Amino acid sequence: MASLGAGSLSNAELLAIILGNGTRGINVVEVCRGILSNSGGSLSSLSAMTGDSLSSVKGIGRIKAQKIAAAFELGRRFCAEIGPAPLTINGPRSIYDLMMPLLKGLDKEEFWSVFLNARNRVIQKEKMSVGGTNSTVIDVKILTRRALETKASSVVMVHNHPSGDPWPSPADAKETAAVHKALKTFEIDLLDHVIVGHGRYYSFAEEKSFAE
């Protein structure tokens, strides 16, 4: 890594640097190959593995499992940072690209709001709630209050489906309509509600499925 840079290393080797050491009779790179084997070689699957699942790999205890979880969380936070130039939302694909790194590989639904100014530039992204594997709660009053506090001209709702299928449920449609109505009272637009799946998304605006 010192000679060629981090980009020259395999996933197992990068994990080995994070973990630092292996276990008796197995070096750290072999331990990390075992971890990746258990996740089918997918970093997305690895990020969603529980501490118990990770600990089932020989050489991985509670501390090493926590180190892996911490590394993925740092990666998500890195992707969440907005740089000096405000990001501009110009359609559902840009919303998906913005939020996918934060929602990829999660085993629970998370609901986020993205608050935009009059030029559709991102003012702030905010996690509003965390639910179970197939539902989350959207508090319309809190979302509306945060839109007013951030002086947003419009809002984008975003949440993930851990199943990977972004098709909206009846509850998703109902909550979208409720938020749309509440924001409209204060002359704030609900620009879109994007549901993030595995490599794809559903856009209420694109599908023209907002309910009055």
# chains A, B, ... in the order shown; residues from 1 in each chain; ligands from 1

$ residues_around --residues "Tyr202 in chain A" --least-positions-apart "5" --cutoff "12 Å" --atoms "only C-alpha atoms" --output "number ranges by chain"
A: 91-93, 95-96, 157-161, 164-169, 172-173, 192-197, 207-209

$ closest_atom_pairs --of "range 15-122 of chain A" --to "range 143-153 of chain A" --cutoff "9 Å" --atoms "only C-alpha atoms" --output "JSON lines"
{"residue": "A:Ser113", "atom": "CA", "partner": "A:Leu143", "partner_atom": "CA", "distance": 7.5}
{"residue": "A:Phe115", "atom": "CA", "partner": "A:Ala152", "partner_atom": "CA", "distance": 5.5}
{"residue": "A:Leu116", "atom": "CA", "partner": "A:Ala152", "partner_atom": "CA", "distance": 5.3}
{"residue": "A:Asn117", "atom": "CA", "partner": "A:Ser153", "partner_atom": "CA", "distance": 5.0}
{"residue": "A:Ala118", "atom": "CA", "partner": "A:Ser153", "partner_atom": "CA", "distance": 5.2}
{"residue": "A:Arg119", "atom": "CA", "partner": "A:Ser153", "partner_atom": "CA", "distance": 8.5}
{"residue": "A:Asn120", "atom": "CA", "partner": "A:Ser153", "partner_atom": "CA", "distance": 8.1}

$ atom_distance --atom1 "CA of Thr50 in chain A" --atom2 "CA of Lys108 in chain A"
11.7 Å

$ residues_around --residues "Cys32 in chain A" --least-positions-apart "3" --cutoff "7 Å" --atoms "only C-alpha atoms" --output "compact mmCIF listing (two decimals) with N, CA and C atoms, in the first residue's frame"
# COMPACT_ATOMS: atom_id res chain seq x y z
N ALA A 12 -9.80 -8.09 0.02
CA ALA A 12 -9.33 -8.84 1.19
C ALA A 12 -8.14 -8.14 1.84
N LEU A 15 -9.33 -5.03 3.74
CA LEU A 15 -9.94 -5.45 5.00
C LEU A 15 -8.86 -5.87 6.00
N ALA A 16 -7.82 -6.51 5.50
CA ALA A 16 -6.73 -6.97 6.37
C ALA A 16 -6.05 -5.79 7.06
N VAL A 28 -4.12 -12.75 8.52
CA VAL A 28 -5.26 -11.83 8.44
C VAL A 28 -5.87 -11.78 7.05
N VAL A 29 -5.06 -11.92 6.00
CA VAL A 29 -5.61 -11.89 4.64
C VAL A 29 -6.52 -13.10 4.41
N ILE A 35 -14.25 -13.94 5.18
CA ILE A 35 -15.36 -12.99 5.35
C ILE A 35 -16.03 -12.72 4.01
N LEU A 36 -15.20 -12.42 3.00
CA LEU A 36 -15.75 -12.11 1.68
C LEU A 36 -16.43 -13.31 1.05

$ atom_distance --atom1 "CA of Glu126 in chain A" --atom2 "CA of Ile18 in chain A"
28.9 Å

$ residues_around --residues "Asp107 in chain A" --least-positions-apart "3" --cutoff "9 Å" --atoms "only C-alpha atoms" --output "PDB file with N, CA and C atoms, in the first residue's frame"
ATOM      1  N   ALA A  48     -24.154  -5.386   5.033  1.00  0.00           N
ATOM      2  CA  ALA A  48     -25.444  -5.688   5.664  1.00  0.00           C
ATOM      3  C   ALA A  48     -25.364  -6.845   6.658  1.00  0.00           C
ATOM      4  N   MET A  49     -24.212  -7.513   6.755  1.00  0.00           N
ATOM      5  CA  MET A  49     -24.084  -8.648   7.668  1.00  0.00           C
ATOM      6  C   MET A  49     -24.122  -8.193   9.113  1.00  0.00           C
ATOM      7  N   GLY A 132     -38.261  -0.984  10.123  1.00  0.00           N
ATOM      8  CA  GLY A 132     -37.918  -2.398  10.095  1.00  0.00           C
ATOM      9  C   GLY A 132     -37.444  -2.810   8.710  1.00  0.00           C
ATOM     10  N   THR A 133     -37.609  -4.084   8.400  1.00  0.00           N
ATOM     11  CA  THR A 133     -37.133  -4.583   7.112  1.00  0.00           C
ATOM     12  C   THR A 133     -38.073  -4.223   5.965  1.00  0.00           C
ATOM     13  N   HIS A 161     -35.785   0.213   0.079  1.00  0.00           N
ATOM     14  CA  HIS A 161     -36.440  -1.083   0.281  1.00  0.00           C
ATOM     15  C   HIS A 161     -35.340  -2.137   0.383  1.00  0.00           C
ATOM     16  N   PRO A 162     -35.061  -2.660   1.577  1.00  0.00           N
ATOM     17  CA  PRO A 162     -34.003  -3.665   1.732  1.00  0.00           C
ATOM     18  C   PRO A 162     -34.190  -4.910   0.858  1.00  0.00           C
ATOM     19  N   SER A 163     -35.429  -5.177   0.459  1.00  0.00           N
ATOM     20  CA  SER A 163     -35.687  -6.330  -0.415  1.00  0.00           C
ATOM     21  C   SER A 163     -35.043  -6.153  -1.785  1.00  0.00           C
TER      22      SER A 163
END

$ residues_around --residues "Asp189 in chain A" --least-positions-apart "6" --cutoff "7 Å" --atoms "only C-alpha atoms" --output "ChimeraX atom specification"
/A:153-155,183

$ write_last_selection --atoms "N, CA and C atoms" --output "PDB file, in the first residue's frame"
ATOM      1  N   SER A 153     -37.582  25.548  -0.520  1.00  0.00           N
ATOM      2  CA  SER A 153     -38.616  25.814  -1.517  1.00  0.00           C
ATOM      3  C   SER A 153     -39.280  24.520  -1.970  1.00  0.00           C
ATOM      4  N   SER A 154     -38.538  23.432  -1.850  1.00  0.00           N
ATOM      5  CA  SER A 154     -39.085  22.121  -2.210  1.00  0.00           C
ATOM      6  C   SER A 154     -38.384  21.034  -1.409  1.00  0.00           C
ATOM      7  N   VAL A 155     -39.002  19.859  -1.412  1.00  0.00           N
ATOM      8  CA  VAL A 155     -38.507  18.725  -0.628  1.00  0.00           C
ATOM      9  C   VAL A 155     -38.540  17.476  -1.496  1.00  0.00           C
ATOM     10  N   LEU A 183     -47.205  19.960   2.757  1.00  0.00           N
ATOM     11  CA  LEU A 183     -46.260  20.951   2.255  1.00  0.00           C
ATOM     12  C   LEU A 183     -46.939  22.007   1.395  1.00  0.00           C
TER      13      LEU A 183
END

$ atom_distance --atom1 "CA of Leu191 in chain A" --atom2 "CA of Phe78 in chain A"
25.5 Å

$ select_by_dssp --residues "range 25-138 of chain A" --states "alpha helix (DSSP H)" --output "ChimeraX atom specification"
/A:28-38,43-48,51-55,62-80,92-103

$ select_by_dssp --residues "range 38-178 of chain A" --states "strand (DSSP E or B)" --output "number ranges by chain"
A: 88, 110-116, 121-130, 154-160

$ write_last_selection --atoms "N, CA and C atoms" --output "compact mmCIF listing (two decimals), in the first residue's frame"
# COMPACT_ATOMS: atom_id res chain seq x y z
N THR A 88 -26.99 20.18 -7.27
CA THR A 88 -28.26 20.54 -7.91
C THR A 88 -29.00 19.27 -8.30
N GLU A 110 -34.76 3.15 5.90
CA GLU A 110 -34.49 4.48 6.42
C GLU A 110 -35.22 5.50 5.56
N PHE A 111 -35.80 6.49 6.22
CA PHE A 111 -36.48 7.56 5.49
C PHE A 111 -35.69 8.85 5.65
N TRP A 112 -35.37 9.48 4.52
CA TRP A 112 -34.61 10.71 4.48
C TRP A 112 -35.42 11.81 3.77
N SER A 113 -35.15 13.05 4.16
CA SER A 113 -35.67 14.20 3.42
C SER A 113 -34.49 14.99 2.87
N VAL A 114 -34.64 15.45 1.65
CA VAL A 114 -33.65 16.33 1.03
C VAL A 114 -34.33 17.68 0.82
N PHE A 115 -33.80 18.72 1.44
CA PHE A 115 -34.39 20.05 1.37
C PHE A 115 -33.65 20.88 0.33
N LEU A 116 -34.40 21.51 -0.56
CA LEU A 116 -33.83 22.23 -1.70
C LEU A 116 -34.22 23.70 -1.69
N ARG A 121 -31.09 23.40 -5.53
CA ARG A 121 -29.80 23.04 -4.93
C ARG A 121 -30.03 22.52 -3.52
N VAL A 122 -29.25 21.52 -3.15
CA VAL A 122 -29.44 20.86 -1.86
C VAL A 122 -29.00 21.79 -0.73
N ILE A 123 -29.96 22.06 0.17
CA ILE A 123 -29.65 22.81 1.39
C ILE A 123 -29.14 21.85 2.46
N GLN A 124 -29.85 20.71 2.57
CA GLN A 124 -29.54 19.76 3.65
C GLN A 124 -30.19 18.42 3.36
N LYS A 125 -29.51 17.35 3.76
CA LYS A 125 -30.09 16.00 3.77
C LYS A 125 -30.26 15.60 5.22
N GLU A 126 -31.37 14.96 5.53
CA GLU A 126 -31.62 14.63 6.94
C GLU A 126 -32.34 13.29 7.07
N LYS A 127 -31.77 12.41 7.88
CA LYS A 127 -32.45 11.14 8.18
C LYS A 127 -33.59 11.43 9.15
N MET A 128 -34.80 11.03 8.76
CA MET A 128 -35.98 11.35 9.56
C MET A 128 -36.42 10.18 10.44
N SER A 129 -36.21 8.96 9.97
CA SER A 129 -36.62 7.81 10.78
C SER A 129 -35.96 6.54 10.26
N VAL A 130 -35.92 5.53 11.14
CA VAL A 130 -35.43 4.19 10.79
C VAL A 130 -36.52 3.20 11.18
N SER A 154 -38.54 23.43 -1.85
CA SER A 154 -39.08 22.12 -2.21
C SER A 154 -38.38 21.03 -1.41
N VAL A 155 -39.00 19.86 -1.41
CA VAL A 155 -38.51 18.73 -0.63
C VAL A 155 -38.54 17.48 -1.50
N VAL A 156 -37.56 16.61 -1.32
CA VAL A 156 -37.58 15.28 -1.92
C VAL A 156 -37.62 14.26 -0.79
N MET A 157 -38.56 13.35 -0.84
CA MET A 157 -38.62 12.23 0.09
C MET A 157 -37.82 11.08 -0.52
N VAL A 158 -37.05 10.39 0.32
CA VAL A 158 -36.27 9.24 -0.15
C VAL A 158 -36.30 8.16 0.91
N HIS A 159 -36.54 6.92 0.50
CA HIS A 159 -36.33 5.81 1.41
C HIS A 159 -35.92 4.57 0.62
N ASN A 160 -35.43 3.59 1.32
CA ASN A 160 -34.92 2.36 0.68
C ASN A 160 -35.86 1.19 0.94
